[in-house]
$ cat work-v4.txt   # compact mmCIF, C-alpha atoms
# COMPACT_ATOMS: atom_id res chain seq x y z
CA MET O 7 31.54 -29.16 -53.08
CA SER O 8 34.87 -30.79 -52.48
CA GLU O 9 36.07 -30.61 -48.91
CA ASP O 10 39.54 -29.38 -49.73
CA ARG O 11 38.87 -26.59 -52.23
CA LYS O 12 41.48 -23.83 -51.96
CA LEU O 13 41.65 -20.25 -53.22
CA ALA O 14 44.73 -18.02 -53.46
CA ILE O 15 44.04 -14.34 -54.11
CA ILE O 16 46.81 -11.99 -55.21
CA VAL O 17 45.95 -8.34 -54.52
CA SER O 18 48.24 -6.08 -56.57
CA LYS O 19 46.29 -2.82 -56.57
CA GLY O 20 45.97 -0.27 -53.78
CA THR O 21 42.86 1.71 -54.69
CA LEU O 22 39.67 1.37 -52.68
CA ASP O 23 37.76 -0.08 -55.64
CA MET O 24 40.43 -2.74 -56.20
CA ALA O 25 40.80 -3.62 -52.51
CA TYR O 26 37.20 -4.72 -52.08
CA PRO O 27 36.92 -7.47 -54.74
CA GLY O 28 39.69 -9.54 -53.16
CA LEU O 29 38.29 -9.10 -49.67
CA VAL O 30 34.71 -9.88 -50.70
CA LEU O 31 35.78 -13.04 -52.55
CA ALA O 32 38.01 -14.12 -49.67
CA ASN O 33 35.15 -13.70 -47.24
CA ALA O 34 32.62 -15.46 -49.47
CA ALA O 35 35.03 -18.37 -49.88
CA ARG O 36 35.49 -18.70 -46.12
CA MET O 37 31.71 -18.59 -45.60
CA LEU O 38 31.56 -21.66 -47.86
CA GLY O 39 34.40 -23.39 -46.05
CA ILE O 40 36.98 -22.87 -48.82
CA GLU O 41 40.58 -22.44 -47.63
CA VAL O 42 41.84 -18.93 -48.47
CA LYS O 43 45.27 -17.32 -48.71
CA LEU O 44 45.61 -13.64 -49.62
CA PHE O 45 48.91 -12.31 -51.02
CA PHE O 46 49.37 -8.53 -51.11
CA THR O 47 51.99 -7.23 -53.52
CA PHE O 48 53.06 -3.99 -55.23
CA TRP O 49 50.38 -1.30 -54.76
CA GLY O 50 48.30 -3.89 -52.92
CA MET O 51 50.67 -3.29 -49.99
CA ASP O 52 48.72 -0.05 -49.35
CA VAL O 53 45.73 -2.20 -48.37
CA ILE O 54 47.63 -3.76 -45.44
CA ASN O 55 49.91 -0.81 -44.58
CA GLU O 56 48.94 0.78 -41.22
CA LYS O 57 49.61 4.23 -42.67
CA THR O 58 47.42 3.86 -45.75
CA VAL O 59 44.73 1.25 -44.98
CA ASP O 60 42.25 3.85 -43.73
CA HIS O 61 42.95 6.27 -46.57
CA LEU O 62 42.52 4.23 -49.77
CA LYS O 63 40.93 6.20 -52.60
CA VAL O 64 38.96 5.59 -55.76
CA ALA O 65 40.86 7.05 -58.71
CA PRO O 66 38.42 8.50 -61.27
CA VAL O 67 41.10 9.06 -63.92
CA GLY O 68 41.72 6.07 -66.15
CA ASN O 69 38.71 4.29 -64.68
CA PRO O 70 36.13 3.79 -67.45
CA ALA O 71 33.55 2.55 -64.95
CA MET O 72 33.20 6.07 -63.54
CA HIS O 73 30.91 6.98 -66.46
CA MET O 74 32.11 10.54 -66.71
CA PRO O 75 34.41 12.43 -69.05
CA GLN O 76 38.05 11.65 -68.21
CA LEU O 77 38.77 15.37 -67.98
CA ALA O 78 36.31 15.76 -65.11
CA GLY O 79 38.36 13.25 -63.17
CA VAL O 80 41.32 15.59 -62.90
CA LEU O 81 39.28 18.44 -61.41
CA PRO O 82 40.15 19.22 -57.78
CA GLY O 83 38.09 17.10 -55.41
CA ALA O 84 37.08 14.48 -58.00
CA THR O 85 39.01 11.70 -56.24
CA ASP O 86 37.62 12.60 -52.83
CA LEU O 87 34.10 12.75 -54.24
CA ALA O 88 34.40 9.34 -55.91
CA THR O 89 35.91 7.91 -52.71
CA THR O 90 33.17 9.30 -50.48
CA MET O 91 30.51 7.97 -52.85
CA MET O 92 31.99 4.48 -52.84
CA LYS O 93 32.36 4.44 -49.05
CA LYS O 94 28.70 5.40 -48.69
CA GLN O 95 27.63 2.65 -51.11
CA MET O 96 29.69 0.07 -49.22
CA GLU O 97 28.16 1.12 -45.92
CA LYS O 98 24.68 0.85 -47.39
CA LEU O 99 25.43 -2.73 -48.44
CA ASP O 100 26.78 -3.40 -44.94
CA PHE O 101 30.33 -4.00 -46.21
CA PRO O 102 32.80 -2.93 -43.51
CA PRO O 103 35.66 -0.46 -44.08
CA VAL O 104 38.87 -2.11 -45.34
CA ARG O 105 40.59 -2.33 -41.93
CA GLU O 106 37.58 -4.05 -40.39
CA PHE O 107 37.17 -6.25 -43.46
CA LEU O 108 40.75 -7.50 -43.02
CA GLU O 109 39.99 -8.34 -39.38
CA MET O 110 36.81 -10.12 -40.42
CA VAL O 111 38.37 -12.32 -43.12
CA HIS O 112 41.29 -13.09 -40.82
CA ASP O 113 38.94 -14.05 -37.97
CA ALA O 114 37.08 -16.16 -40.54
CA GLY O 115 40.30 -18.10 -41.10
CA ALA O 116 41.78 -16.52 -44.24
CA GLU O 117 45.58 -16.31 -44.11
CA ILE O 118 47.12 -12.97 -45.04
CA TYR O 119 50.60 -12.60 -46.52
CA ALA O 120 52.67 -9.63 -47.67
CA CYS O 121 55.12 -9.83 -50.55
CA GLN O 122 58.77 -9.79 -49.47
CA MET O 123 59.97 -7.96 -52.56
CA ALA O 124 57.29 -5.27 -52.34
CA ALA O 125 58.03 -4.81 -48.62
CA ASP O 126 61.76 -4.42 -49.37
CA MET O 127 61.04 -2.03 -52.22
CA MET O 128 58.88 0.18 -49.99
CA GLY O 129 61.07 -0.17 -46.89
CA LEU O 130 58.31 -1.86 -44.88
CA THR O 131 58.64 -4.39 -42.06
CA LYS O 132 55.93 -6.45 -40.33
CA GLU O 133 55.54 -3.64 -37.74
CA ASP O 134 54.40 -1.28 -40.50
CA LEU O 135 51.58 -3.63 -41.51
CA VAL O 136 48.18 -4.35 -39.97
CA PRO O 137 48.34 -7.04 -37.24
CA GLN O 138 46.34 -9.51 -39.37
CA VAL O 139 49.33 -10.05 -41.68
CA ASP O 140 50.53 -13.57 -40.83
CA ASP O 141 53.91 -13.26 -42.49
CA ILE O 142 56.02 -11.59 -45.15
CA VAL O 143 56.96 -14.18 -47.75
CA GLY O 144 58.60 -14.37 -51.16
CA ALA O 145 56.69 -15.11 -54.34
CA MET O 146 58.11 -18.64 -54.56
CA GLU O 147 57.12 -19.42 -51.00
CA PHE O 148 53.60 -18.12 -51.60
CA LEU O 149 53.22 -20.21 -54.74
CA GLU O 150 54.38 -23.25 -52.82
CA MET O 151 51.81 -22.57 -50.12
CA ALA O 152 49.17 -22.08 -52.80
CA GLU O 153 49.83 -25.45 -54.40
CA GLY O 154 46.59 -26.94 -55.68
CA ALA O 155 44.67 -23.69 -55.12
CA GLN O 156 42.71 -21.76 -57.69
CA ILE O 157 44.58 -18.49 -58.14
CA LEU O 158 42.96 -15.11 -58.64
CA PHE O 159 45.04 -12.06 -59.65
CA ILE O 160 43.44 -8.73 -58.90
CA MET B 30 12.73 -29.78 -57.21
CA THR B 31 14.10 -33.03 -55.89
CA THR B 32 13.01 -33.52 -52.35
CA LYS B 33 13.82 -35.98 -49.64
CA THR B 34 12.62 -36.18 -46.10
CA LEU B 35 14.43 -36.08 -42.85
CA ALA B 36 13.44 -39.62 -41.96
CA GLU B 37 12.94 -39.34 -38.24
CA LEU B 38 10.81 -36.17 -38.47
CA ASN B 39 9.05 -36.50 -41.79
CA VAL B 40 9.90 -33.03 -43.10
CA ALA B 41 10.65 -32.18 -46.76
CA LEU B 42 14.17 -31.11 -47.75
CA ASP B 43 15.34 -29.80 -51.12
CA ALA B 44 18.10 -31.36 -53.21
CA GLU B 45 20.77 -29.62 -51.14
CA GLY B 46 19.24 -30.58 -47.84
CA PHE B 47 17.60 -27.26 -46.94
CA LEU B 48 14.06 -27.22 -45.55
CA VAL B 49 11.55 -26.76 -48.36
CA ASN B 50 9.27 -24.76 -46.09
CA PRO B 51 11.00 -22.68 -43.37
CA ASP B 52 7.78 -22.65 -41.38
CA ASP B 53 8.06 -26.44 -40.86
CA TRP B 54 11.07 -25.80 -38.64
CA THR B 55 11.15 -26.99 -35.04
CA PRO B 56 14.02 -27.19 -32.53
CA GLU B 57 13.95 -31.00 -32.97
CA ILE B 58 14.57 -30.55 -36.69
CA ALA B 59 17.53 -28.29 -35.87
CA GLU B 60 18.95 -31.01 -33.62
CA ALA B 61 18.53 -33.61 -36.37
CA LEU B 62 20.06 -31.43 -39.10
CA ALA B 63 22.95 -30.49 -36.82
CA ARG B 64 23.61 -34.19 -36.15
CA GLU B 65 23.82 -34.73 -39.92
CA GLU B 66 26.45 -31.97 -40.03
CA GLY B 67 28.34 -33.58 -37.16
CA ILE B 68 27.55 -30.72 -34.79
CA ASP B 69 26.38 -31.11 -31.17
CA LEU B 70 24.26 -28.06 -30.45
CA THR B 71 25.36 -26.07 -27.38
CA ASP B 72 23.86 -22.92 -25.83
CA ARG B 73 26.13 -20.82 -28.06
CA HIS B 74 24.83 -22.59 -31.17
CA TRP B 75 21.31 -21.88 -29.99
CA GLU B 76 22.08 -18.19 -29.53
CA VAL B 77 22.98 -18.09 -33.23
CA ILE B 78 20.01 -20.20 -34.33
CA ASN B 79 17.50 -18.23 -32.25
CA PHE B 80 18.89 -14.95 -33.57
CA VAL B 81 18.62 -16.21 -37.15
CA ARG B 82 15.03 -17.45 -36.66
CA LYS B 83 13.98 -14.17 -35.02
CA TYR B 84 15.63 -12.16 -37.81
CA TYR B 85 13.86 -14.27 -40.42
CA GLU B 86 10.48 -13.78 -38.72
CA GLU B 87 11.02 -10.02 -38.57
CA HIS B 88 12.54 -9.46 -42.01
CA GLY B 89 11.22 -12.35 -44.10
CA GLU B 90 14.77 -13.24 -45.17
CA PRO B 91 17.78 -14.80 -43.47
CA PRO B 92 20.43 -12.48 -41.99
CA THR B 93 23.87 -12.25 -43.58
CA LEU B 94 26.76 -13.75 -41.59
CA ARG B 95 27.89 -10.18 -40.95
CA ALA B 96 24.53 -9.32 -39.44
CA ILE B 97 24.82 -12.40 -37.21
CA THR B 98 28.31 -11.56 -35.96
CA LYS B 99 27.41 -7.89 -35.49
CA ARG B 100 24.20 -8.42 -33.59
CA SER B 101 23.88 -11.89 -32.07
CA GLY B 102 26.76 -11.54 -29.61
CA VAL B 103 28.69 -14.37 -31.30
CA PRO B 104 31.83 -12.96 -32.98
CA THR B 105 33.25 -14.12 -36.32
CA LYS B 106 35.97 -16.39 -34.91
CA GLU B 107 33.55 -18.21 -32.63
CA LEU B 108 30.91 -18.54 -35.36
CA TYR B 109 33.47 -20.34 -37.54
CA GLN B 110 34.35 -22.63 -34.63
CA LEU B 111 30.71 -23.40 -33.83
CA PHE B 112 29.85 -24.15 -37.47
CA PRO B 113 33.14 -25.30 -39.02
CA LYS B 114 33.83 -25.64 -42.76
CA GLY B 115 31.36 -23.19 -44.18
CA PRO B 116 29.14 -21.49 -41.60
CA ALA B 117 26.93 -19.70 -44.15
CA LYS B 118 25.14 -22.80 -45.40
CA LYS B 119 25.31 -24.71 -42.12
CA VAL B 120 23.72 -21.95 -40.05
CA ALA B 121 20.96 -21.41 -42.63
CA ARG B 122 20.29 -25.12 -42.98
CA ILE B 123 20.13 -25.88 -39.26
CA ALA B 124 17.93 -22.80 -38.70
CA GLY B 125 15.58 -24.20 -41.35
CA LEU B 126 16.07 -21.41 -43.88
CA GLY B 127 16.98 -21.54 -47.58
CA LYS B 128 20.43 -21.40 -49.09
CA PRO B 129 21.86 -17.96 -48.30
CA LYS B 130 22.26 -15.49 -51.17
CA GLY B 131 24.01 -12.54 -49.51
CA CYS B 132 27.72 -12.18 -50.20
CA ILE B 133 28.87 -10.79 -46.89

$ encode --input "work-v4.txt" --output "structure tokens"
Amino acid sequence: MSEDRKLAIIVSKGTLDMAYPGLVLANAARMLGIEVKLFFTFWGMDVINEKTVDHLKVAPVGNPAMHMPQLAGVLPGATDLATTMMKKQMEKLDFPPVREFLEMVHDAGAEIYACQMAADMMGLTKEDLVPQVDDIVGAMEFLEMAEGAQILFI
Amino acid sequence: MTTKTLAELNVALDAEGFLVNPDDWTPEIAEALAREEGIDLTDRHWEVINFVRKYYEEHGEPPTLRAITKRSGVPTKELYQLFPKGPAKKVARIAGLGKPKGCI
């Protein structure tokens, strides 16, 4: 494998089931020695927001992978049930909760960036975000930093 | 499988440089493989390697990196410093185990 392989992962969704793929891939890449930059934007900001990072949910409605009638997804408690189930599965596989996962990939050398526009839109500053966020940057700046990287949009 | 041997110790390696038979492993082999990776083994490296070997003997498979950082006393940041540029393969290789399959 080439020594200077780079991966840039854009996380644009803020549900629990969409937070994990980016984190798992970032971690796997670091384990292989691939340089990683994560860019959180739009609803992905919830994944790095101190207020929401511990409360991400799996949304059963509009999620065809739930294998249940869509109507059942709107019943009271369906979201909490799906969320609890996923958290249990993750624990069984020894995947840490999202907050700890962010610490782990950051300790492993992945760089973590928040989107300037999304932060402005939601009225967030660096103090509102988990301490692993290296910086808040604009889309152009992120793309410049990601030059030569393979880009994943999640 | 293409094999080669670690010249100085006469042990079979697979095409990617992992030990063909984990039971062939000796500390001298670890030293030689580490040298190939450009790593000088310190006590902290050995804590990781010994943990990995013990885990393999007990479980019949190599530990994930997460299991190493959770239970060997060597945290993530340090593990990446001890085995730079891809600790997953380097730790497994130096500890004489196969290419790791876990994704955490």

$ closest_atom_pairs --input "work-v4.txt" --of "chain B" --to "chain O" --cutoff "7 Å" --atoms "all atoms listed in the file" --output "tab-separated table"
residue	atom	partner	partner_atom	distance
B:Thr105	CA	O:Asp113	CA	5.9
B:Lys106	CA	O:Asp113	CA	4.9
B:Tyr109	CA	O:Ala114	CA	6.3
B:Lys114	CA	O:Gly39	CA	4.0
B:Gly115	CA	O:Gly39	CA	3.6
B:Pro116	CA	O:Met37	CA	5.6
B:Ala117	CA	O:Met37	CA	5.1
B:Lys118	CA	O:Leu38	CA	7.0
B:Cys132	CA	O:Ala34	CA	5.9
B:Ile133	CA	O:Ala34	CA	6.5

$ residues_around --input "work-v4.txt" --residues "region 155-159 of chain O" --least-positions-apart "5" --cutoff "8 Å" --atoms "all atoms listed in the file" --output "VMD selection string"
chain O and resid 11 to 18

$ closest_residue --input "work-v4.txt" --among "O:Phe48, O:Leu62, O:Ile160, O:Leu130" --to "Thr90 (chain O)" --atoms "all atoms listed in the file"
O:Leu62

$ atom_distance --input "work-v4.txt" --atom1 "CA of Glu106 (chain O)" --atom2 "CA of His73 (chain O)"
29.1 Å

$ residues_around --input "work-v4.txt" --residues "region 57-72 of chain B" --least-positions-apart "2" --cutoff "12 Å" --atoms "all atoms listed in the file" --output "MDAnalysis selection string"
chainID B and resid 34:42 46:48 51:55 74:79 82 103 110:116 118:126

$ residues_near_point --input "work-v4.txt" --point "(55.2, -15.6, -42.0)" --cutoff "12 Å" --atoms "only C-alpha atoms" --output "list of chain:residue names"
O:Phe45, O:Glu117, O:Ile118, O:Tyr119, O:Ala120, O:Cys121, O:Gln122, O:Thr131, O:Lys132, O:Pro137, O:Gln138, O:Val139, O:Asp140, O:Asp141, O:Ile142, O:Val143, O:Gly144, O:Glu147, O:Phe148, O:Met151

$ build_atoms --input "work-v4.txt" --residues "region 83-94 of chain O" --atoms "all heavy atoms" --output "short mmCIF file (atom, residue, chain, number, x, y, z; two decimals), keeping the file's coordinate frame"
data_model
loop_
_atom_site.label_atom_id
_atom_site.label_comp_id
_atom_site.auth_asym_id
_atom_site.auth_seq_id
_atom_site.Cartn_x
_atom_site.Cartn_y
_atom_site.Cartn_z
N GLY O 83 39.18 17.68 -56.19
CA GLY O 83 38.09 17.10 -55.41
C GLY O 83 37.42 15.90 -56.05
O GLY O 83 36.63 15.22 -55.39
N ALA O 84 37.76 15.59 -57.32
CA ALA O 84 37.08 14.48 -58.00
C ALA O 84 37.37 13.14 -57.31
O ALA O 84 36.49 12.32 -57.12
CB ALA O 84 37.49 14.43 -59.47
N THR O 85 38.63 12.95 -56.91
CA THR O 85 39.01 11.70 -56.24
C THR O 85 38.30 11.56 -54.90
O THR O 85 37.76 10.51 -54.57
CB THR O 85 40.54 11.66 -56.04
OG1 THR O 85 41.16 11.68 -57.32
CG2 THR O 85 40.96 10.40 -55.31
N ASP O 86 38.28 12.65 -54.14
CA ASP O 86 37.62 12.60 -52.83
C ASP O 86 36.13 12.34 -52.98
O ASP O 86 35.55 11.59 -52.20
CB ASP O 86 37.83 13.92 -52.09
CG ASP O 86 39.26 14.04 -51.56
OD1 ASP O 86 39.93 12.99 -51.47
OD2 ASP O 86 39.71 15.16 -51.28
N LEU O 87 35.53 12.93 -54.02
CA LEU O 87 34.10 12.75 -54.24
C LEU O 87 33.80 11.29 -54.59
O LEU O 87 32.91 10.66 -54.01
CB LEU O 87 33.63 13.67 -55.38
CG LEU O 87 32.14 13.58 -55.72
CD1 LEU O 87 31.31 14.13 -54.55
CD2 LEU O 87 31.81 14.36 -56.99
N ALA O 88 34.60 10.73 -55.52
CA ALA O 88 34.40 9.34 -55.91
C ALA O 88 34.62 8.42 -54.72
O ALA O 88 33.90 7.42 -54.53
CB ALA O 88 35.36 8.98 -57.04
N THR O 89 35.60 8.73 -53.88
CA THR O 89 35.91 7.91 -52.71
C THR O 89 34.77 7.95 -51.70
O THR O 89 34.33 6.90 -51.20
CB THR O 89 37.21 8.42 -52.04
OG1 THR O 89 38.25 8.39 -53.02
CG2 THR O 89 37.60 7.57 -50.85
N THR O 90 34.27 9.15 -51.43
CA THR O 90 33.17 9.30 -50.48
C THR O 90 31.94 8.55 -50.97
O THR O 90 31.27 7.85 -50.20
CB THR O 90 32.80 10.79 -50.30
OG1 THR O 90 34.00 11.49 -49.95
CG2 THR O 90 31.77 10.99 -49.22
N MET O 91 31.68 8.66 -52.29
CA MET O 91 30.51 7.97 -52.85
C MET O 91 30.63 6.47 -52.67
O MET O 91 29.69 5.79 -52.27
CB MET O 91 30.37 8.30 -54.34
CG MET O 91 29.62 9.59 -54.60
SD MET O 91 29.75 10.13 -56.32
CE MET O 91 29.15 8.70 -57.20
N MET O 92 31.83 5.93 -52.95
CA MET O 92 31.99 4.48 -52.84
C MET O 92 31.87 4.03 -51.38
O MET O 92 31.25 3.01 -51.08
CB MET O 92 33.34 4.06 -53.40
CG MET O 92 33.53 2.57 -53.26
SD MET O 92 34.73 1.87 -54.38
CE MET O 92 34.68 0.18 -53.79
N LYS O 93 32.45 4.81 -50.46
CA LYS O 93 32.36 4.44 -49.05
C LYS O 93 30.91 4.40 -48.58
O LYS O 93 30.51 3.52 -47.83
CB LYS O 93 33.18 5.40 -48.19
CG LYS O 93 34.68 5.14 -48.28
CD LYS O 93 35.47 5.99 -47.32
CE LYS O 93 36.94 5.60 -47.34
NZ LYS O 93 37.78 6.58 -46.65
N LYS O 94 30.12 5.36 -49.07
CA LYS O 94 28.70 5.40 -48.69
C LYS O 94 27.97 4.18 -49.23
O LYS O 94 27.16 3.56 -48.55
CB LYS O 94 28.05 6.67 -49.25
CG LYS O 94 28.20 7.84 -48.31
CD LYS O 94 27.22 8.95 -48.70
CE LYS O 94 27.55 10.22 -47.93
NZ LYS O 94 27.48 11.42 -48.79
#
